[in-house]
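**Student:** Here it is, the structure, as structure tokens.
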Amino acid sequence: MAFISNPERHVARDEKVAAGKLHATQYLVVLMLAVLATGMWRLQILGAENYRVLAQANRIRKDPVRAPRGKIFDREGRILVDNYPSVTCYLLREQVKDLQTDIPLIARGLDLPVEQVQATIRRYASQPRYESILLKQDITPDEQAFIEAHRNELPELETRDEQRRLYPRDGFAAHLIGYVGEVSEEDLNSSKFDFYEPGDMVGKSGVEETYDGLLRGTDGSRDVIVNSHGKEIDLAGQVLAIPGKDLRLTIDLDLQRVAEQAMEGRNGALVAMDPHTGEILAMVSRPTFDPNQFAVRLTKTYWSSIINDPNHPLMNKTIQAQLAPGSTFKVIMSLAGLQEGVAQAMHVMCAGGATFFGHFFACDKHHGTVDIDHAIPWSCDTFYYTLANMLGIDTIAKYANEVGLAQRTGVDLPDEATGTMPSTAWKMKTQHEKWYAGETISVGIGQGAVQVTPLQLARALSGIASGGVLRRPHVVFPDELPPDMRSAIASTFPGSGDRVIPLSPQNWQTITDAMAATLGPGGTGYAVRLENIDFAGKTGTAQVVNHSAGATSLGAGSERANAWFVGMAPRRNPDIVVTVLCEHGGWGAEAAAPVAAQVINAFVTKQRKREGNLLEVNTPKPDLPATQPKPAPPATPTAVSSAAPGPRVAGTSTPNRP
Amino acid sequence: MRRFSSFRDFDWTLLTLVLLISVISVVEIKSATLQTKFHGFGEKQIIFILFGLVLMFLISFIDYHRLLDIAPWAYGISILLLIAVKLVGQKVLGARRWINLGGGVHFQPSEWVKLVLILIVARFFWGLVGRELSWMDIAKAFALVCIPMALVLAQPDLGTSLTYFPVVVAGLFLGGIRPRQVAILILGASVLIGGAFLSGKRLKPYQQARLTSFINPDADPKGAGYQIKQSLIAVGSGGLWGKGTNKGTQTQGDFLPIPYTDFIFAAFCEEHGFVGGIGILLLYFLILTRLIQNAQQASDIPGTFIVMGVVAVILFQIVVNIGMVVGLMPVTGIPLPLMSYGGSSILFTFLALGIVMNIRMRRFVN
């Protein structure tokens, strides 16, 4: 450092730095500060609005507040579906730098498969980053503790208290009520779900699906002021959630309970309906499933057990099973035969079957001479083979269509099946073949291509018993819906709806008396008769495999016949109709009829108990043989409604007395 | 020979301006640390300022010619200290910049070296008065500054090492460098920098990232660009009048990085707006103007050189820091003099101002 060692040799202290250089420095200072001021001007004056918006977006996070879903009650206001508080875990993508590295830890802590977490995040890829992702609902206290303990490592995890669905246990009324789940990707792409966002809970089946718009309410939101770590500092504002509307069903909890118990361990369906109004009183499908498992953490094992069950637990068989009605179809045959004027005079000799078009069609018994009054209670196949042959397929189809077969009933539940009613036109259209007259014979006993749902059958037979008045079945009281919802439901579920079909009083009486006789001595359902109850019905045993030999063998296992029973009380203008289907149950009289009898008994007992103060429980004889029906023929709706009133007590009703 | 200097000759105007900006600094530090675990920093800054004032008065009593006399020794010790830091210094965030003196006191030699450099450069050019600068002189001046610069750069601390540069620039400018020499130097530097840039190995990854993010802040909004982006949002959203003390959402919500040190001007602009920011610039303008006046009034060449060295360093830090905050400069990590929190930075500034006072008090010596 020799070059700085000796400054003293230049002790020229009077020398000065040129003033110009210092002035230049002064100008440089001004210039530099002016440049900085320009930079500030650009941001704070010109860009102020833009940056204000950015600053707001930085700190304000919109947290959705889920609206509690409406509760569901039975017709008497007893609770069916409730909510309970639970904790849901959300993922906030804004809070994380490298999400992918966190995924394994998140998956472990929340007990989720890694692929599922990745798939969930992928699903939200196109959504704005500030939108939170629903990771897991109804997390356990352990999982909550995990999130709390990892606040620093996983700041992106957030828990929120939410209301969750609590369904009845053991799959009680599961098919009717349905369940909720996260809205799916496919759903979001359809216009029906325009107002839904990923993560929204949506009704997936049953009443939950149909009345989702009513039950779901309107989600609110909280504008939360957060710091850069996503920690909530303050609340900037909020939109309160509007809870969903409660829903009252037409279901009678007492009756549903009886029906559920009666169907326990069976494979099939039961539907009970008030034929006056179409209100469904009970609806059971077996096997059932636990909707709670669907609403919250559906496990893989449960899902595969449901999906691989050959008996289709998720299917609401009351409206989705399409099966041959068997002998229950004979009521519709009788309607056709009587209204066409051919059945009245028929006296068919049954010798255990008869031969048509060179084929022998069997009957299960030698019934001897059979007329229309005995054909139904004895369920004589020979009689109906003959009748079918006389009427021809298109006449049969005309009456079947009149009572609503091969059409949706219009029940306010999703995915109702239509069923099938063969005809010449139907065969030409579906198989491009001519109808052979020989095919008509087995249709006469509800076999062949005829397929119905239990609800269709209930509506058709009770409609006939009500003098030709058919109602649109429903599970929610239309009067209690907002008008726009009511019309939306009507247009979403078009069906044959409310209608009146021509039925002469004499024919009405003939058919209903014959159905009552089914439960009388010699009738196929005599074993399940109910003392003091005017109980009418029709058994059915539908072959699963079409034996050309006729209904002589039941078959076994999955080829065993399906057992049917349609029962009602009282016989005319019934207050209740119950259809029971026991798949592969064997004889309708043995497998299905006792179930229906239990439900009808419970219904009548309850009715009597309620109105016991008004009416002594007397024991009138079932009015067999029936007297003249009421003067007003039920040919028009007004006429029917005048026929319908009277004591709504099955078994004690005497509306048909002149 | 030398007249005893009195407090009447002390630059009270300059001191008032400096104290004014110090008070603003404390208020803003308190606001910026309100929601954080650093909420005692306002008080600590007051202590630094008081300590700085004491040092300022003390150093103003020692004739600056004494300081010039010991400058070579101080320079040598500084070089040794910088080497020591590299060897035994405390490693914080990947860089060795501090020496732990025990009792929670950390010593950052690189800040003090600035002061020594100002003195040694003044002394060097004082020795060259009266003759034209040769290429050898220029090389020697650069060598004086570049040795400590390289050591600080190796810590690594790009920001502080850059603050040494204006000292030599100011010295060369005042020392009479000719335009032709300037042109050749710029050309040579361009070639060097261009070569370094092309080889691409000279900068640490974080330094490269800072440069990239300066050019395009949106490239990686959560990474290196995050700081610039948040700073721009803070300044811009402050608008004309600001959001009010303690009410800056960017500052209080911890979106703005280190709002009490490097980004304090962004925090201030958010809470006090364009008007407040211009106010600060005005204060700096007055301080710098006052310093240049003092440089003019200095009784001899080294006095002028010292004051102008201080001016150069302070101006450079203001331009680079505020330039960074408003998006005109890349992120370099240079504190804003008198505003940013930090003992070393505050003490350096007050010591530097103390020497300026010293020179002013002796302006009538002859």
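All residue names refer to the structure tokens as shown: chains lettered A, B, ... in order, residues numbered from 1 in each chain, ligands numbered from 1 in order.
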Per DSSP on the backbone, what are the helix (DSSP H, G or I) residues of stretch 420-627 of chain A, as a ChimeraX atom specification?

**Tutor:** /A:424-431,437-443,454-465,478-480,483-492,505-518,526-528,557-559,588-610

**Student:** So which residues touch stretch 283-288 of chain A within 6 Å, counting only C-alpha atoms, skipping near sequence neighbours fewer than 2 positions away, as an MDAnalysis selection string?

**Tutor:** chainID A and resid 171 267:271 313 316:317

**Student:** Determine, using only C-alpha atoms, which residues of chain B have any atom at most 6 Å from an atom of chain A, and tabulate each with its shortest atom pair and distance in Å to one decimal place, rows ordered by chain and then rising number, as JSON lines.

**Tutor:**
{"residue": "B:Phe124", "atom": "CA", "partner": "A:Ile4", "partner_atom": "CA", "distance": 5.6}
{"residue": "B:Gly127", "atom": "CA", "partner": "A:Pro7", "partner_atom": "CA", "distance": 4.8}
{"residue": "B:Ile233", "atom": "CA", "partner": "A:Tyr51", "partner_atom": "CA", "distance": 5.1}
{"residue": "B:Gly236", "atom": "CA", "partner": "A:Gln44", "partner_atom": "CA", "distance": 4.2}
{"residue": "B:Ser237", "atom": "CA", "partner": "A:Arg52", "partner_atom": "CA", "distance": 4.2}
{"residue": "B:Gly239", "atom": "CA", "partner": "A:Gln44", "partner_atom": "CA", "distance": 4.4}
{"residue": "B:Gly253", "atom": "CA", "partner": "A:Asn227", "partner_atom": "CA", "distance": 4.0}
{"residue": "B:Asp254", "atom": "CA", "partner": "A:Ser228", "partner_atom": "CA", "distance": 5.4}
{"residue": "B:Phe255", "atom": "CA", "partner": "A:Ser228", "partner_atom": "CA", "distance": 4.9}
{"residue": "B:Phe274", "atom": "CA", "partner": "A:Gln44", "partner_atom": "CA", "distance": 6.0}
{"residue": "B:Asp300", "atom": "CA", "partner": "A:Arg13", "partner_atom": "CA", "distance": 4.9}
{"residue": "B:Ile301", "atom": "CA", "partner": "A:Lys16", "partner_atom": "CA", "distance": 5.5}
{"residue": "B:Val326", "atom": "CA", "partner": "A:Gly39", "partner_atom": "CA", "distance": 5.8}

**Student:** Store the residues of this selection in a file with N, CA and C atoms, as a PDB file, in the first residue's frame.

**Tutor:**
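Written file, part02.pdb:
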ATOM      1  N   PHE B 124      -6.546   8.683  -0.793  1.00  0.00           N
ATOM      2  CA  PHE B 124      -5.852   8.320  -2.023  1.00  0.00           C
ATOM      3  C   PHE B 124      -5.899   9.467  -3.031  1.00  0.00           C
ATOM      4  N   GLY B 127      -3.834  12.528  -2.322  1.00  0.00           N
ATOM      5  CA  GLY B 127      -2.444  12.368  -2.729  1.00  0.00           C
ATOM      6  C   GLY B 127      -2.211  12.625  -4.197  1.00  0.00           C
ATOM      7  N   ILE B 233     -47.794  -4.216  -5.454  1.00  0.00           N
ATOM      8  CA  ILE B 233     -49.183  -4.139  -5.001  1.00  0.00           C
ATOM      9  C   ILE B 233     -49.282  -3.208  -3.793  1.00  0.00           C
ATOM     10  N   GLY B 236     -48.660   0.443  -5.031  1.00  0.00           N
ATOM     11  CA  GLY B 236     -49.749   0.878  -5.915  1.00  0.00           C
ATOM     12  C   GLY B 236     -51.058   1.047  -5.177  1.00  0.00           C
ATOM     13  N   SER B 237     -51.374   0.075  -4.296  1.00  0.00           N
ATOM     14  CA  SER B 237     -52.674   0.144  -3.631  1.00  0.00           C
ATOM     15  C   SER B 237     -52.711   1.252  -2.593  1.00  0.00           C
ATOM     16  N   GLY B 239     -52.160   4.281  -3.252  1.00  0.00           N
ATOM     17  CA  GLY B 239     -52.842   5.393  -3.905  1.00  0.00           C
ATOM     18  C   GLY B 239     -52.246   6.732  -3.516  1.00  0.00           C
ATOM     19  N   GLY B 253     -50.857  -7.826   6.612  1.00  0.00           N
ATOM     20  CA  GLY B 253     -51.210  -9.209   6.310  1.00  0.00           C
ATOM     21  C   GLY B 253     -50.004 -10.068   5.989  1.00  0.00           C
ATOM     22  N   ASP B 254     -48.810  -9.488   6.166  1.00  0.00           N
ATOM     23  CA  ASP B 254     -47.587 -10.245   5.955  1.00  0.00           C
ATOM     24  C   ASP B 254     -47.408 -10.669   4.495  1.00  0.00           C
ATOM     25  N   PHE B 255     -48.055  -9.947   3.583  1.00  0.00           N
ATOM     26  CA  PHE B 255     -47.864 -10.244   2.167  1.00  0.00           C
ATOM     27  C   PHE B 255     -46.562  -9.614   1.676  1.00  0.00           C
ATOM     28  N   PHE B 274     -48.857   8.240  -2.089  1.00  0.00           N
ATOM     29  CA  PHE B 274     -47.945   8.979  -2.949  1.00  0.00           C
ATOM     30  C   PHE B 274     -47.447  10.232  -2.234  1.00  0.00           C
ATOM     31  N   ASP B 300     -10.808  21.627   2.879  1.00  0.00           N
ATOM     32  CA  ASP B 300      -9.750  21.088   2.015  1.00  0.00           C
ATOM     33  C   ASP B 300     -10.287  19.966   1.132  1.00  0.00           C
ATOM     34  N   ILE B 301      -9.434  19.494   0.243  1.00  0.00           N
ATOM     35  CA  ILE B 301      -9.801  18.471  -0.729  1.00  0.00           C
ATOM     36  C   ILE B 301     -10.316  17.188  -0.073  1.00  0.00           C
ATOM     37  N   VAL B 326     -40.267   0.133  -6.214  1.00  0.00           N
ATOM     38  CA  VAL B 326     -41.252   0.550  -7.211  1.00  0.00           C
ATOM     39  C   VAL B 326     -41.050  -0.176  -8.546  1.00  0.00           C
TER      40      VAL B 326
END

**Student:** Just the residues within 10 Å of A:Tyr302, please, counting only C-alpha atoms, with nothing from its chain fewer than 4 positions along; format it as a PyMOL selection string.

**Tutor:** chain A and resi 289-290+293-294+298+306-308

**Student:** In Å, with one decimal, what is the gap from atom CA of A:Ser305 to atom CA of A:Glu115?

**Tutor:**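 Spanning atom CA of A:Ser305 to atom CA of A:Glu115 is a straight-line distance of 21.4 Å.
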
**Student:** For a test of reading the model, state the distance in Å between atom CA of A:Leu554 and atom CA of A:Gly540, rounded to one decimal.

**Tutor:**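 These atoms are spaced 11.9 Å apart.
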
**Student:** From a backbone DSSP assignment, name each residue in stretch 316-446 of chain A labelled strand (DSSP E or B), as a PyMOL selection string.

**Tutor:** chain A and resi 323+348-350+353-356+359-362+368-370+420

**Student:** Any chance you can output those residues with N, CA and C atoms as a PDB file, in the first residue's frame?

**Tutor:**
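Final output, part_37.pdb:
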ATOM      1  N   LEU A 323     -90.922 -56.729 -14.497  1.00  0.00           N
ATOM      2  CA  LEU A 323     -91.066 -58.180 -14.481  1.00  0.00           C
ATOM      3  C   LEU A 323     -92.457 -58.561 -14.980  1.00  0.00           C
ATOM      4  N   VAL A 348    -115.870 -71.615 -19.174  1.00  0.00           N
ATOM      5  CA  VAL A 348    -114.740 -72.355 -19.742  1.00  0.00           C
ATOM      6  C   VAL A 348    -114.557 -73.641 -18.957  1.00  0.00           C
ATOM      7  N   MET A 349    -114.392 -74.703 -19.697  1.00  0.00           N
ATOM      8  CA  MET A 349    -114.141 -76.004 -19.060  1.00  0.00           C
ATOM      9  C   MET A 349    -112.635 -76.160 -18.849  1.00  0.00           C
ATOM     10  N   CYS A 350    -112.199 -76.152 -17.597  1.00  0.00           N
ATOM     11  CA  CYS A 350    -110.765 -76.296 -17.314  1.00  0.00           C
ATOM     12  C   CYS A 350    -110.452 -77.729 -16.930  1.00  0.00           C
ATOM     13  N   GLY A 353    -105.776 -77.336 -18.206  1.00  0.00           N
ATOM     14  CA  GLY A 353    -105.100 -76.698 -19.333  1.00  0.00           C
ATOM     15  C   GLY A 353    -105.944 -76.834 -20.595  1.00  0.00           C
ATOM     16  N   ALA A 354    -105.427 -76.300 -21.687  1.00  0.00           N
ATOM     17  CA  ALA A 354    -106.151 -76.382 -22.948  1.00  0.00           C
ATOM     18  C   ALA A 354    -105.143 -76.230 -24.082  1.00  0.00           C
ATOM     19  N   THR A 355    -105.561 -76.637 -25.261  1.00  0.00           N
ATOM     20  CA  THR A 355    -104.662 -76.597 -26.397  1.00  0.00           C
ATOM     21  C   THR A 355    -105.069 -75.466 -27.334  1.00  0.00           C
ATOM     22  N   PHE A 356    -104.100 -74.640 -27.685  1.00  0.00           N
ATOM     23  CA  PHE A 356    -104.338 -73.565 -28.652  1.00  0.00           C
ATOM     24  C   PHE A 356    -103.260 -73.635 -29.715  1.00  0.00           C
ATOM     25  N   HIS A 359    -100.576 -76.146 -29.435  1.00  0.00           N
ATOM     26  CA  HIS A 359     -99.750 -76.247 -28.226  1.00  0.00           C
ATOM     27  C   HIS A 359    -100.644 -76.408 -27.026  1.00  0.00           C
ATOM     28  N   PHE A 360    -100.181 -77.223 -26.073  1.00  0.00           N
ATOM     29  CA  PHE A 360    -100.942 -77.372 -24.842  1.00  0.00           C
ATOM     30  C   PHE A 360    -100.468 -76.334 -23.836  1.00  0.00           C
ATOM     31  N   PHE A 361    -101.417 -75.577 -23.316  1.00  0.00           N
ATOM     32  CA  PHE A 361    -101.118 -74.581 -22.276  1.00  0.00           C
ATOM     33  C   PHE A 361    -101.706 -75.070 -20.966  1.00  0.00           C
ATOM     34  N   ALA A 362    -100.849 -75.242 -19.945  1.00  0.00           N
ATOM     35  CA  ALA A 362    -101.283 -75.894 -18.715  1.00  0.00           C
ATOM     36  C   ALA A 362    -101.914 -74.929 -17.730  1.00  0.00           C
ATOM     37  N   GLY A 368    -112.637 -77.421 -13.534  1.00  0.00           N
ATOM     38  CA  GLY A 368    -113.991 -77.696 -14.003  1.00  0.00           C
ATOM     39  C   GLY A 368    -114.529 -76.511 -14.761  1.00  0.00           C
ATOM     40  N   THR A 369    -115.819 -76.262 -14.669  1.00  0.00           N
ATOM     41  CA  THR A 369    -116.410 -75.137 -15.387  1.00  0.00           C
ATOM     42  C   THR A 369    -116.115 -73.849 -14.613  1.00  0.00           C
ATOM     43  N   VAL A 370    -115.563 -72.876 -15.338  1.00  0.00           N
ATOM     44  CA  VAL A 370    -115.162 -71.623 -14.685  1.00  0.00           C
ATOM     45  C   VAL A 370    -115.860 -70.465 -15.371  1.00  0.00           C
ATOM     46  N   THR A 420     -93.328 -53.020 -20.240  1.00  0.00           N
ATOM     47  CA  THR A 420     -93.608 -53.372 -21.632  1.00  0.00           C
ATOM     48  C   THR A 420     -95.003 -53.967 -21.735  1.00  0.00           C
TER      49      THR A 420
END

**Student:** At a cut-off of 12 Å, using only C-alpha atoms, what residues contact B:Gly52? Leave out same-chain residues fewer than 5 positions from it and give the result as a list in words.

**Tutor:**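 Skipping anything fewer than 5 positions along the chain leaves Leu15, Val18, Leu19, Ser22, Gln45, Ile46, Ile47, Phe57, Leu58, Ile59, Leu338, Gly342, Gly343, Ser344, Ser345, Ile346, Leu347, Phe348, Thr349, Phe350, Leu351, Ala352, Leu353 and Gly354 of chain B.
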
**Student:** Could you jot down the atom CA of A:Thr524 to atom CA of A:Gly341 separation for me, Å, one decimal place?

**Tutor:**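 Spanning atom CA of A:Thr524 to atom CA of A:Gly341 is a straight-line distance of 25.6 Å.
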
**Student:** Go through A:Leu105, A:Ala400, A:Ile533, A:Val452 one by one, measure the shortest atom-to-atom distance of each to A:Ile600 using only C-alpha atoms, and give the residue with the smallest value.

**Tutor:**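 When distances to A:Ile600 are compared using only C-alpha atoms, the smallest one comes from A:Ile533.
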
**Student:** When you look at A:Cys89 with a cut-off of 8 Å (counting only C-alpha atoms), what residues show up, excluding the ones that are within fewer than 5 positions of it in the same chain? I need them as a list in words.

**Tutor:**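 In the requested form, the answer reads Leu134, Leu135, Lys136, Gln137, Asp138, Ile139, Leu157, Glu158, Thr159 and Arg160 of chain A.
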
**Student:** Which neighbours of stretch 149-153 of chain B fall inside 12 Å, counting only C-alpha atoms, when residues of the same chain fewer than 4 positions from it are skipped, and could you give them as a ChimeraX atom specification?

**Tutor:** /B:78-87,95-98,108-114,117,142-145,157-168,202-204,207

**Student:** Using only C-alpha atoms, which protein or nucleic acid residues come within 12 Å of A:Thr140? Drop anything in the same chain fewer than 6 positions from it, and give the result as a list in words.

**Tutor:**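 Result of the neighbour search: Ser86, Val87, Thr88, Cys89, Gly109, Leu110, Asp111, Phe146, Ile147, Thr159, Val296 and Arg297 of chain A.
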
**Student:** Go ahead and save the picked residues with C-alpha atoms, as a PDB file, in the first residue's frame.

**Tutor:**
ATOM      1  CA  SER A  86     -69.630 -32.586  11.414  1.00  0.00           C
ATOM      2  CA  VAL A  87     -66.206 -31.360  10.347  1.00  0.00           C
ATOM      3  CA  THR A  88     -65.115 -31.232   6.733  1.00  0.00           C
ATOM      4  CA  CYS A  89     -61.539 -30.893   5.557  1.00  0.00           C
ATOM      5  CA  GLY A 109     -53.142 -38.076   7.676  1.00  0.00           C
ATOM      6  CA  LEU A 110     -56.644 -38.137   6.251  1.00  0.00           C
ATOM      7  CA  ASP A 111     -56.586 -41.860   5.581  1.00  0.00           C
ATOM      8  CA  PHE A 146     -53.580 -34.485  12.563  1.00  0.00           C
ATOM      9  CA  ILE A 147     -54.566 -31.263  10.786  1.00  0.00           C
ATOM     10  CA  THR A 159     -61.410 -27.578   8.620  1.00  0.00           C
ATOM     11  CA  VAL A 296     -70.088 -39.737   4.036  1.00  0.00           C
ATOM     12  CA  ARG A 297     -66.889 -41.603   3.206  1.00  0.00           C
TER      13      ARG A 297
END
